[in-house]
file query35.cif (mmCIF, C-alpha atoms)
data_run
#
loop_
_atom_site.group_PDB
_atom_site.id
_atom_site.type_symbol
_atom_site.label_atom_id
_atom_site.label_comp_id
_atom_site.auth_asym_id
_atom_site.auth_seq_id
_atom_site.Cartn_x
_atom_site.Cartn_y
_atom_site.Cartn_z
ATOM 1 C CA MET A 64 28.205 169.468 59.607
ATOM 2 C CA ARG A 65 31.751 169.147 58.380
ATOM 3 C CA ARG A 66 33.286 171.080 61.311
ATOM 4 C CA PRO A 67 31.726 168.893 64.088
ATOM 5 C CA THR A 68 32.865 165.754 62.164
ATOM 6 C CA PHE A 69 36.426 167.090 62.020
ATOM 7 C CA ILE A 70 36.401 167.814 65.741
ATOM 8 C CA ALA A 71 35.075 164.318 66.539
ATOM 9 C CA CYS A 72 37.879 162.702 64.524
ATOM 10 C CA ALA A 73 40.509 164.801 66.267
ATOM 11 C CA VAL A 74 39.132 163.833 69.679
ATOM 12 C CA LEU A 75 39.121 160.143 68.711
ATOM 13 C CA LEU A 76 42.729 160.280 67.547
ATOM 14 C CA ALA A 77 43.755 161.996 70.792
ATOM 15 C CA VAL A 78 42.041 159.295 72.852
ATOM 16 C CA ILE A 79 43.815 156.519 70.880
ATOM 17 C CA ALA A 80 47.192 158.229 71.406
ATOM 18 C CA LEU A 81 46.611 158.540 75.158
ATOM 19 C CA VAL A 82 45.605 154.880 75.441
ATOM 20 C CA SER A 83 48.733 153.790 73.535
ATOM 21 C CA ILE A 84 51.002 155.869 75.788
ATOM 22 C CA SER A 85 49.332 154.464 78.917
ATOM 23 C CA LEU A 86 49.812 150.881 77.730
ATOM 24 C CA ALA A 87 53.488 151.518 76.910
ATOM 25 C CA LEU A 88 54.142 152.966 80.356
ATOM 26 C CA ALA A 89 52.385 150.073 82.066
ATOM 27 C CA ARG A 90 54.433 147.416 80.225
ATOM 28 C CA PRO A 91 57.305 146.104 82.458
ATOM 29 C CA ALA A 92 60.825 146.860 81.316
ATOM 30 C CA PRO A 93 62.639 143.872 79.792
ATOM 31 C CA GLN A 94 64.854 142.056 82.283
ATOM 32 C CA LYS A 95 68.579 141.894 81.538
ATOM 33 C CA GLN A 96 69.929 138.360 81.210
ATOM 34 C CA PRO A 97 72.762 137.566 83.632
ATOM 35 C CA LEU A 98 76.225 137.159 82.146
ATOM 36 C CA PRO A 99 77.283 133.513 81.783
ATOM 37 C CA LEU A 100 79.558 132.206 84.496
ATOM 38 C CA LEU A 101 82.983 130.810 83.615
ATOM 39 C CA VAL A 102 82.724 127.044 84.055
ATOM 40 C CA ILE A 103 85.339 124.415 83.364
ATOM 41 C CA SER A 104 84.228 120.825 82.943
ATOM 42 C CA GLY A 105 85.020 118.560 85.815
ATOM 43 C CA GLY A 106 87.000 115.341 85.731
ATOM 44 C CA ALA A 107 85.717 112.010 84.555
ATOM 45 C CA GLU A 108 86.034 108.350 85.322
ATOM 46 C CA ALA A 109 85.616 105.443 82.980
ATOM 47 C CA PRO A 110 82.067 104.087 83.317
ATOM 48 C CA SER A 111 83.303 100.535 82.828
ATOM 49 C CA GLY A 112 85.928 100.739 85.562
ATOM 50 C CA GLU A 113 88.734 100.826 82.989
ATOM 51 C CA ALA A 114 91.540 103.334 83.273
ATOM 52 C CA PRO A 115 90.528 106.626 81.610
ATOM 53 C CA GLN A 116 93.480 106.561 79.198
ATOM 54 C CA ASN A 117 91.645 103.882 77.211
ATOM 55 C CA LEU A 118 88.698 106.182 76.459
ATOM 56 C CA GLY A 119 88.413 108.610 73.581
ATOM 57 C CA THR A 120 85.583 110.667 75.065
ATOM 58 C CA LEU A 121 84.916 110.937 78.772
ATOM 59 C CA PRO A 122 81.692 112.005 80.481
ATOM 60 C CA SER A 123 81.821 115.268 82.402
ATOM 61 C CA PRO A 124 80.373 115.162 85.913
ATOM 62 C CA GLU A 125 79.781 118.176 88.093
ATOM 63 C CA PRO A 126 81.832 121.187 86.928
ATOM 64 C CA THR A 127 84.551 122.236 89.304
ATOM 65 C CA ILE A 128 86.227 125.578 89.884
ATOM 66 C CA VAL A 129 88.409 125.692 92.964
ATOM 67 C CA GLU A 130 89.666 128.728 94.824
ATOM 68 C CA PRO A 131 93.362 128.754 95.790
ATOM 69 C CA GLU A 132 94.131 128.339 99.453
ATOM 70 C CA ALA A 133 93.940 131.491 101.535
ATOM 71 C CA GLY A 134 97.338 133.117 101.915
ATOM 72 C CA ARG A 135 98.899 130.926 99.218
ATOM 73 C CA GLU A 136 98.998 132.940 96.017
ATOM 74 C CA PRO A 137 102.653 132.872 94.907
ATOM 75 C CA GLY A 138 101.690 134.319 91.522
ATOM 76 C CA GLU A 139 101.299 137.697 93.175
ATOM 77 C CA ARG A 140 104.887 137.548 94.477
ATOM 78 C CA SER A 141 106.504 137.043 91.060
ATOM 79 C CA GLY A 142 104.231 139.427 89.178
ATOM 80 C CA LYS A 143 103.078 136.543 86.973
ATOM 81 C CA ALA A 144 100.312 134.012 87.309
ATOM 82 C CA LEU A 145 101.695 130.567 88.071
ATOM 83 C CA MET A 146 100.271 127.649 86.103
ATOM 84 C CA ALA A 147 100.890 124.022 87.099
ATOM 85 C CA LEU A 148 100.075 121.622 84.260
ATOM 86 C CA VAL A 149 99.819 118.060 85.594
ATOM 87 C CA ILE A 150 99.953 115.144 83.156
ATOM 88 C CA ASP A 151 98.216 112.074 84.599
ATOM 89 C CA ASP A 152 98.413 108.361 83.796
ATOM 90 C CA PHE A 153 102.113 107.817 83.184
ATOM 91 C CA GLY A 154 103.093 104.192 83.711
ATOM 92 C CA THR A 155 101.249 102.324 80.971
ATOM 93 C CA SER A 156 103.606 103.246 78.113
ATOM 94 C CA LEU A 157 107.269 104.186 78.175
ATOM 95 C CA THR A 158 107.006 105.237 74.512
ATOM 96 C CA ILE A 159 104.475 107.965 75.269
ATOM 97 C CA ALA A 160 106.616 109.091 78.214
ATOM 98 C CA GLN A 161 109.623 109.387 75.920
ATOM 99 C CA GLN A 162 107.598 111.387 73.388
ATOM 100 C CA ILE A 163 106.439 113.808 76.064
ATOM 101 C CA ALA A 164 109.975 114.015 77.466
ATOM 102 C CA SER A 165 111.242 115.185 74.063
ATOM 103 C CA LEU A 166 108.863 118.148 73.778
ATOM 104 C CA GLY A 167 111.265 120.811 75.030
ATOM 105 C CA GLY A 168 110.066 124.349 75.739
ATOM 106 C CA PRO A 169 108.351 124.633 79.128
ATOM 107 C CA SER A 170 107.767 120.861 79.379
ATOM 108 C CA ARG A 171 110.353 120.450 82.174
ATOM 109 C CA SER A 172 108.074 122.607 84.303
ATOM 110 C CA PHE A 173 105.124 120.262 83.803
ATOM 111 C CA THR A 174 104.419 117.672 86.498
ATOM 112 C CA TRP A 175 104.124 113.998 85.616
ATOM 113 C CA ALA A 176 101.719 111.860 87.660
ATOM 114 C CA ILE A 177 102.873 108.226 87.553
ATOM 115 C CA MET A 178 100.533 105.355 88.396
ATOM 116 C CA PRO A 179 102.069 102.571 90.492
ATOM 117 C CA ASP A 180 101.995 98.874 89.626
ATOM 118 C CA CYS A 181 101.745 99.341 85.854
ATOM 119 C CA SER A 182 104.050 97.756 83.298
ATOM 120 C CA ALA A 183 106.112 100.918 82.752
ATOM 121 C CA SER A 184 105.665 102.682 86.109
ATOM 122 C CA LEU A 185 109.245 102.362 87.327
ATOM 123 C CA SER A 186 110.668 102.942 83.827
ATOM 124 C CA CYS A 187 108.763 106.237 83.627
ATOM 125 C CA ALA A 188 110.048 107.224 87.074
ATOM 126 C CA HIS A 189 113.630 106.397 86.071
ATOM 127 C CA LEU A 190 113.236 108.465 82.896
ATOM 128 C CA ALA A 191 111.861 111.388 84.908
ATOM 129 C CA ASP A 192 114.777 111.132 87.359
ATOM 130 C CA LYS A 193 117.262 111.062 84.471
ATOM 131 C CA ILE A 194 115.953 114.218 82.769
ATOM 132 C CA GLY A 195 115.048 116.108 85.943
ATOM 133 C CA GLN A 196 111.296 115.951 85.360
ATOM 134 C CA PRO A 197 109.163 116.678 88.450
ATOM 135 C CA TYR A 198 106.667 113.908 89.189
ATOM 136 C CA ILE A 199 104.126 112.757 91.730
ATOM 137 C CA VAL A 200 102.390 109.451 92.447
ATOM 138 C CA HIS A 201 99.018 109.031 90.724
ATOM 139 C CA LEU A 202 97.426 106.902 93.433
ATOM 140 C CA PRO A 203 94.376 104.810 92.393
ATOM 141 C CA MET A 204 91.387 105.400 94.666
ATOM 142 C CA GLN A 205 87.920 103.893 94.648
ATOM 143 C CA ALA A 206 85.382 105.236 92.150
ATOM 144 C CA ILE A 207 81.636 105.248 92.718
ATOM 145 C CA ILE A 208 81.237 102.403 90.225
ATOM 146 C CA ASP A 209 83.848 100.179 91.916
ATOM 147 C CA PRO A 210 82.645 97.332 94.138
ATOM 148 C CA ALA A 211 84.473 96.792 97.423
ATOM 149 C CA GLY A 212 87.819 95.127 96.904
ATOM 150 C CA HIS A 213 87.944 96.036 93.208
ATOM 151 C CA ARG A 214 91.405 95.516 91.715
ATOM 152 C CA ASP A 215 91.503 98.997 90.120
ATOM 153 C CA TYR A 216 92.042 100.892 93.376
ATOM 154 C CA LEU A 217 94.509 100.796 96.255
ATOM 155 C CA ILE A 218 92.631 103.070 98.676
ATOM 156 C CA GLY A 219 88.880 102.820 99.099
ATOM 157 C CA THR A 220 86.105 103.186 101.610
ATOM 158 C CA ASP A 221 86.686 99.561 102.604
ATOM 159 C CA SER A 222 90.357 100.248 103.478
ATOM 160 C CA SER A 223 91.260 100.368 107.159
ATOM 161 C CA PRO A 224 93.446 103.229 108.421
ATOM 162 C CA GLU A 225 96.314 100.757 108.715
ATOM 163 C CA GLN A 226 95.854 99.623 105.115
ATOM 164 C CA VAL A 227 95.785 103.239 103.961
ATOM 165 C CA ARG A 228 98.971 103.973 105.889
ATOM 166 C CA ARG A 229 100.744 100.947 104.389
ATOM 167 C CA GLN A 230 99.789 101.953 100.858
ATOM 168 C CA VAL A 231 101.081 105.501 101.322
ATOM 169 C CA GLU A 232 104.322 104.162 102.805
ATOM 170 C CA ARG A 233 104.671 101.758 99.877
ATOM 171 C CA MET A 234 104.266 104.639 97.418
ATOM 172 C CA ARG A 235 107.066 106.550 99.148
ATOM 173 C CA SER A 236 109.263 103.457 98.996
ATOM 174 C CA LEU A 237 108.524 102.758 95.305
ATOM 175 C CA PHE A 238 108.970 106.384 94.248
ATOM 176 C CA PRO A 239 111.455 107.978 96.669
ATOM 177 C CA ARG A 240 111.955 111.028 94.433
ATOM 178 C CA ALA A 241 108.263 111.745 93.956
ATOM 179 C CA LEU A 242 107.124 115.130 95.274
ATOM 180 C CA GLY A 243 103.680 114.110 96.450
ATOM 181 C CA VAL A 244 100.422 112.442 95.432
ATOM 182 C CA ASN A 245 97.244 113.024 93.471
ATOM 183 C CA ASN A 246 94.324 110.644 93.110
ATOM 184 C CA HIS A 247 93.649 108.484 90.060
ATOM 185 C CA ARG A 248 89.850 108.239 89.734
ATOM 186 C CA GLY A 249 88.544 108.081 93.338
ATOM 187 C CA SER A 250 85.122 109.736 93.239
ATOM 188 C CA LYS A 251 83.894 107.464 96.058
ATOM 189 C CA ALA A 252 87.011 107.490 98.218
ATOM 190 C CA THR A 253 87.562 111.252 98.030
ATOM 191 C CA SER A 254 83.914 111.873 98.959
ATOM 192 C CA SER A 255 84.259 109.765 102.134
ATOM 193 C CA GLN A 256 85.215 111.788 105.208
ATOM 194 C CA ASN A 257 86.473 108.725 107.107
ATOM 195 C CA THR A 258 88.621 107.536 104.205
ATOM 196 C CA MET A 259 90.166 110.949 103.696
ATOM 197 C CA GLU A 260 90.809 111.277 107.440
ATOM 198 C CA ALA A 261 92.833 108.058 107.287
ATOM 199 C CA PHE A 262 94.611 109.239 104.131
ATOM 200 C CA GLY A 263 95.404 112.654 105.629
ATOM 201 C CA ALA A 264 96.895 111.041 108.749
ATOM 202 C CA ALA A 265 99.049 108.778 106.570
ATOM 203 C CA MET A 266 100.209 111.658 104.382
ATOM 204 C CA ALA A 267 101.151 113.705 107.453
ATOM 205 C CA ASP A 268 103.854 111.121 108.213
ATOM 206 C CA GLN A 269 105.484 111.701 104.811
ATOM 207 C CA THR A 270 107.527 114.848 105.356
ATOM 208 C CA GLY A 271 107.955 116.962 102.248
ATOM 209 C CA TRP A 272 104.991 115.534 100.356
ATOM 210 C CA GLY A 273 101.982 117.495 99.145
ATOM 211 C CA PHE A 274 98.585 116.402 97.877
ATOM 212 C CA LEU A 275 96.576 117.434 94.822
ATOM 213 C CA ASP A 276 92.881 116.576 94.807
ATOM 214 C CA SER A 277 92.176 115.707 91.167
ATOM 215 C CA ARG A 278 88.508 116.603 91.794
ATOM 216 C CA THR A 279 86.915 113.663 89.972
ATOM 217 C CA SER A 280 83.810 114.387 92.038
ATOM 218 C CA GLY A 281 82.111 117.641 92.948
ATOM 219 C CA LYS A 282 81.444 116.072 96.369
ATOM 220 C CA SER A 283 85.119 115.556 97.177
ATOM 221 C CA VAL A 284 86.272 116.429 100.691
ATOM 222 C CA ALA A 285 89.865 115.381 100.006
ATOM 223 C CA ARG A 286 91.667 118.725 99.878
ATOM 224 C CA SER A 287 90.065 120.253 102.946
ATOM 225 C CA THR A 288 90.409 117.052 105.000
ATOM 226 C CA VAL A 289 94.037 116.367 104.120
ATOM 227 C CA ALA A 290 94.950 120.011 104.771
ATOM 228 C CA LYS A 291 93.732 119.640 108.379
ATOM 229 C CA TYR A 292 96.696 117.325 108.977
ATOM 230 C CA GLY A 293 99.213 119.971 107.989
ATOM 231 C CA VAL A 294 99.791 118.539 104.517
ATOM 232 C CA PRO A 295 100.098 121.140 101.730
ATOM 233 C CA ALA A 296 96.949 120.451 99.702
ATOM 234 C CA LEU A 297 95.531 121.972 96.528
ATOM 235 C CA ALA A 298 92.748 121.046 94.113
ATOM 236 C CA ASN A 299 92.583 120.732 90.358
ATOM 237 C CA MET A 300 90.811 123.575 88.559
ATOM 238 C CA ALA A 301 90.371 122.161 85.051
ATOM 239 C CA PHE A 302 90.433 118.951 83.036
ATOM 240 C CA ILE A 303 91.807 119.690 79.565
ATOM 241 C CA ASP A 304 91.361 116.558 77.466
ATOM 242 C CA GLY A 305 87.957 115.106 78.300
ATOM 243 C CA VAL A 306 87.455 115.135 74.511
ATOM 244 C CA SER A 307 90.315 114.158 72.184
ATOM 245 C CA ASP A 308 89.957 117.200 69.964
ATOM 246 C CA LEU A 309 92.672 119.833 69.719
ATOM 247 C CA ASP A 310 90.311 122.807 69.443
ATOM 248 C CA TYR A 311 88.369 121.589 72.490
ATOM 249 C CA MET A 312 91.588 121.189 74.489
ATOM 250 C CA LYS A 313 92.768 124.652 73.468
ATOM 251 C CA GLY A 314 89.452 126.059 74.621
ATOM 252 C CA GLN A 315 89.648 124.348 77.994
ATOM 253 C CA PHE A 316 93.207 125.549 78.469
ATOM 254 C CA ALA A 317 92.207 129.110 77.560
ATOM 255 C CA LYS A 318 89.630 129.005 80.367
ATOM 256 C CA ALA A 319 92.255 127.657 82.775
ATOM 257 C CA LEU A 320 94.610 130.493 81.819
ATOM 258 C CA ARG A 321 91.882 133.060 82.485
ATOM 259 C CA ILE A 322 91.393 131.650 85.964
ATOM 260 C CA ALA A 323 95.156 131.706 86.569
ATOM 261 C CA ARG A 324 95.479 135.310 85.435
ATOM 262 C CA SER A 325 92.558 136.452 87.577
ATOM 263 C CA ARG A 326 93.539 134.538 90.726
ATOM 264 C CA GLY A 327 97.327 134.345 90.514
ATOM 265 C CA VAL A 328 97.404 130.525 90.456
ATOM 266 C CA GLY A 329 96.090 127.918 88.049
ATOM 267 C CA ILE A 330 96.160 124.109 88.094
ATOM 268 C CA ALA A 331 95.057 121.978 85.143
ATOM 269 C CA ILE A 332 95.202 118.263 84.374
ATOM 270 C CA CYS A 333 95.599 116.431 81.079
ATOM 271 C CA HIS A 334 96.733 112.873 80.347
ATOM 272 C CA ALA A 335 99.639 110.938 78.865
ATOM 273 C CA ARG A 336 97.670 109.816 75.823
ATOM 274 C CA THR A 337 98.470 109.741 72.136
ATOM 275 C CA GLY A 338 95.440 111.938 71.510
ATOM 276 C CA THR A 339 96.765 114.598 73.908
ATOM 277 C CA LEU A 340 100.229 114.860 72.324
ATOM 278 C CA PRO A 341 99.132 117.487 69.745
ATOM 279 C CA PHE A 342 97.872 119.684 72.579
ATOM 280 C CA LEU A 343 101.117 119.335 74.537
ATOM 281 C CA ARG A 344 103.169 120.155 71.415
ATOM 282 C CA TRP A 345 100.993 123.221 70.859
ATOM 283 C CA VAL A 346 101.424 124.400 74.468
ATOM 284 C CA CYS A 347 105.199 124.036 74.190
ATOM 285 C CA SER A 348 105.244 126.141 71.007
ATOM 286 C CA GLN A 349 103.280 129.074 72.442
ATOM 287 C CA GLN A 350 103.957 132.112 74.588
ATOM 288 C CA PHE A 351 101.301 132.875 77.196
ATOM 289 C CA GLY A 352 101.696 136.441 78.366
ATOM 290 C CA GLY A 353 101.634 136.989 82.105
ATOM 291 C CA VAL A 354 101.719 133.257 82.885
ATOM 292 C CA GLN A 355 104.661 131.173 84.100
ATOM 293 C CA PHE A 356 104.589 127.364 84.098
ATOM 294 C CA VAL A 357 105.841 125.880 87.362
ATOM 295 C CA PRO A 358 106.095 122.365 88.805
ATOM 296 C CA LEU A 359 103.306 121.569 91.229
ATOM 297 C CA HIS A 360 105.594 121.472 94.259
ATOM 298 C CA GLN A 361 106.314 125.187 93.824
ATOM 299 C CA LEU A 362 102.675 125.800 94.705
ATOM 300 C CA TRP A 363 102.819 123.436 97.681
ATOM 301 C CA PHE A 364 106.148 124.846 98.905
ATOM 302 C CA PRO A 365 106.520 128.293 97.312
ATOM 303 C CA GLU A 366 109.570 129.256 99.358
ATOM 304 C CA GLU A 367 111.636 126.128 98.756
ATOM 305 C CA GLY A 368 110.109 124.778 95.551
ATOM 306 C CA ALA A 369 112.492 126.605 93.233
ATOM 307 C CA ARG A 370 115.485 125.046 95.003
ATOM 308 C CA ARG A 371 114.364 121.430 94.491
#
call {"tool": "encode", "arguments": {"input": "query35.cif", "output": "structure tokens"}}
result
Amino acid sequence: MRRPTFIACAVLLAVIALVSISLALARPAPQKQPLPLLVISGGAEAPSGEAPQNLGTLPSPEPTIVEPEAGREPGERSGKALMALVIDDFGTSLTIAQQIASLGGPSRSFTWAIMPDCSASLSCAHLADKIGQPYIVHLPMQAIIDPAGHRDYLIGTDSSPEQVRRQVERMRSLFPRALGVNNHRGSKATSSQNTMEAFGAAMADQTGWGFLDSRTSGKSVARSTVAKYGVPALANMAFIDGVSDLDYMKGQFAKALRIARSRGVGIAICHARTGTLPFLRWVCSQQFGGVQFVPLHQLWFPEEGARR
């Protein structure tokens, strides 16, 4: 009796083993998770309609990563990636402008963006002229939250082509040494094809000027529309100081540098704010291998930019 019992147990164990193997083979293999994409937070506009420099923390709308224009990758010519760091919102405080002007290091290769019609706009432009600081006009455009005729913008969807042309001409007259324009706010205006058509036509009359789409909206058509008029046009790739925290700003800049190194060109925007000064001091104290800071106009006009 013992031998048949032993055989029955062995058979049972064999059956259990076969069932276990069959179940293991039938189970689907675990799916690999995709690697996370590199994303840099997009720009932001003040929800109250106030200028962003008055906000400590800004909301982040649709993330934006922008490819350089086809055939325009000057970083490949020099062997280094070219990084344009644009500092927005000059014009409200001459003191902050003077502090940024005293940074030294690569700061003369940064590009100031000066808002018109502010208390210190012309003083900041005169300071930039005196020290040889490249600058552009930071032109206020209509945000989604702005009602028609709102005082915080100069170009909006309610502006006629003639009004747009007059504003662009006035900017050239106020800032004759400016190298071009980028938009201050403007999520509504830059998303309007008709408005950007009028703006592109007006910019085409300003020989030697380029345009930078600040990309305050993921729906912006500004760069592509303005470029149709023969105006050198680029788009921002990263906002650095949406949060006034040095570690956060360093992290955003590290992402911008990775894009620059992989694509040959990088463009990032921060702001002339007290809270951003520690970041700018840190940038000016560092060495970033394989990356060269250049004024924005050297990306618009790579052949002649270095001679300006």
call {"tool": "resolve_selection", "arguments": {"input": "query35.cif", "expression": "the PyMOL selection byres ((chain A and resi 257) around 12)", "output": "number ranges by chain"}}
result
A: 218-224, 227, 251-256, 258-264, 284-285, 288-289
call {"tool": "resolve_selection", "arguments": {"input": "query35.cif", "expression": "the PyMOL selection byres ((chain A and resi 327-342) around 8)", "output": "PyMOL selection string"}}
result
chain A and resi 116+131+136-139+143-153+159-160+163+277+298-304+307-309+312-313+316+319-320+322-326+343-346
call {"tool": "resolve_selection", "arguments": {"input": "query35.cif", "expression": "the PyMOL selection byres ((chain A and resi 170) around 10)", "output": "list in words"}}
result
Leu148, Ile163, Ala164, Ser165, Leu166, Gly167, Gly168, Pro169, Arg171, Ser172, Phe173, Thr174, Trp175, Gln196, Leu343, Arg344, Val346, Cys347, Phe356, Val357 and Pro358 of chain A
call {"tool": "closest_residue", "arguments": {"input": "query35.cif", "among": "A:Asp276, A:Glu366, A:Asp310, A:Asp192", "to": "A:Asn246", "atoms": "only C-alpha atoms"}}
result
A:Asp276
call {"tool": "residues_around", "arguments": {"input": "query35.cif", "residues": "A:Pro239", "least_positions_apart": "3", "cutoff": "12 Å", "atoms": "all atoms listed in the file", "output": "PyMOL selection string"}}
result
chain A and resi 185+188-189+192+198-200+231-236+242-244+269-272
call {"tool": "residues_around", "arguments": {"input": "query35.cif", "residues": "A:Ser250", "least_positions_apart": "2", "cutoff": "8 Å", "atoms": "all atoms listed in the file", "output": "list in words"}}
result
Met204, Gln205, Ala206, Ile207, Arg248, Ala252, Thr253, Ser254, Arg278, Thr279, Ser280, Lys282 and Ser283 of chain A
call {"tool": "residues_around", "arguments": {"input": "query35.cif", "residues": "A:Pro295", "least_positions_apart": "3", "cutoff": "9 Å", "atoms": "only C-alpha atoms", "output": "VMD selection string"}}
result
chain A and resid 271 to 275 286 289 to 290 292 362 to 364
call {"tool": "atom_distance", "arguments": {"input": "query35.cif", "atom1": "atom CA of A:Ser186", "atom2": "atom CA of A:Gly154"}}
result
7.7 Å
call {"tool": "atom_distance", "arguments": {"input": "query35.cif", "atom1": "atom CA of A:His247", "atom2": "atom CA of A:Leu202"}}
result
5.3 Å
call {"tool": "atom_distance", "arguments": {"input": "query35.cif", "atom1": "atom CA of A:Ala267", "atom2": "atom CA of A:Gly293"}}
result
6.6 Å
call {"tool": "closest_residue", "arguments": {"input": "query35.cif", "among": "A:Ala296, A:Ala241, A:Ile208, A:Ala317", "to": "A:Ala191", "atoms": "all atoms listed in the file"}}
result
A:Ala241
call {"tool": "decode", "arguments": {"input": "query35.cif", "residues": "stretch 164-171 of chain A", "atoms": "all heavy atoms", "output": "compact mmCIF listing (two decimals), in the first residue's frame"}}
result
# COMPACT_ATOMS: atom_id res chain seq x y z
N ALA A 164 23.52 95.72 -13.88
CA ALA A 164 24.63 96.22 -14.70
C ALA A 164 25.98 95.99 -14.03
O ALA A 164 27.01 95.93 -14.72
CB ALA A 164 24.43 97.71 -14.98
N SER A 165 26.00 95.87 -12.72
CA SER A 165 27.26 95.73 -11.98
C SER A 165 27.70 94.28 -11.80
O SER A 165 28.71 94.02 -11.14
CB SER A 165 27.13 96.39 -10.60
OG SER A 165 26.22 95.66 -9.78
N LEU A 166 26.98 93.34 -12.39
CA LEU A 166 27.26 91.92 -12.15
C LEU A 166 28.61 91.46 -12.70
O LEU A 166 29.25 90.59 -12.13
CB LEU A 166 26.14 91.05 -12.74
CG LEU A 166 24.81 91.11 -12.02
CD1 LEU A 166 23.76 90.31 -12.79
CD2 LEU A 166 24.93 90.58 -10.60
N GLY A 167 29.02 91.99 -13.84
CA GLY A 167 30.27 91.54 -14.43
C GLY A 167 30.13 90.17 -15.07
O GLY A 167 29.01 89.71 -15.37
N GLY A 168 31.25 89.47 -15.25
CA GLY A 168 31.21 88.15 -15.88
C GLY A 168 30.58 88.22 -17.25
O GLY A 168 30.85 89.14 -18.04
N PRO A 169 29.71 87.27 -17.58
CA PRO A 169 29.09 87.24 -18.91
C PRO A 169 27.88 88.16 -19.05
O PRO A 169 27.18 88.12 -20.05
CB PRO A 169 28.65 85.78 -19.05
CG PRO A 169 28.32 85.38 -17.65
CD PRO A 169 29.31 86.09 -16.77
N SER A 170 27.63 89.02 -18.03
CA SER A 170 26.38 89.79 -18.03
C SER A 170 26.25 90.75 -19.22
O SER A 170 25.12 91.07 -19.62
CB SER A 170 26.24 90.58 -16.73
OG SER A 170 27.25 91.57 -16.60
N ARG A 171 27.37 91.18 -19.81
CA ARG A 171 27.29 92.06 -20.98
C ARG A 171 26.77 91.32 -22.21
O ARG A 171 26.41 91.95 -23.20
CB ARG A 171 28.65 92.70 -21.29
CG ARG A 171 29.09 93.73 -20.29
CD ARG A 171 28.21 94.99 -20.33
NE ARG A 171 28.62 95.92 -19.29
CZ ARG A 171 28.14 95.93 -18.05
NH1 ARG A 171 27.21 95.05 -17.70
NH2 ARG A 171 28.58 96.79 -17.16
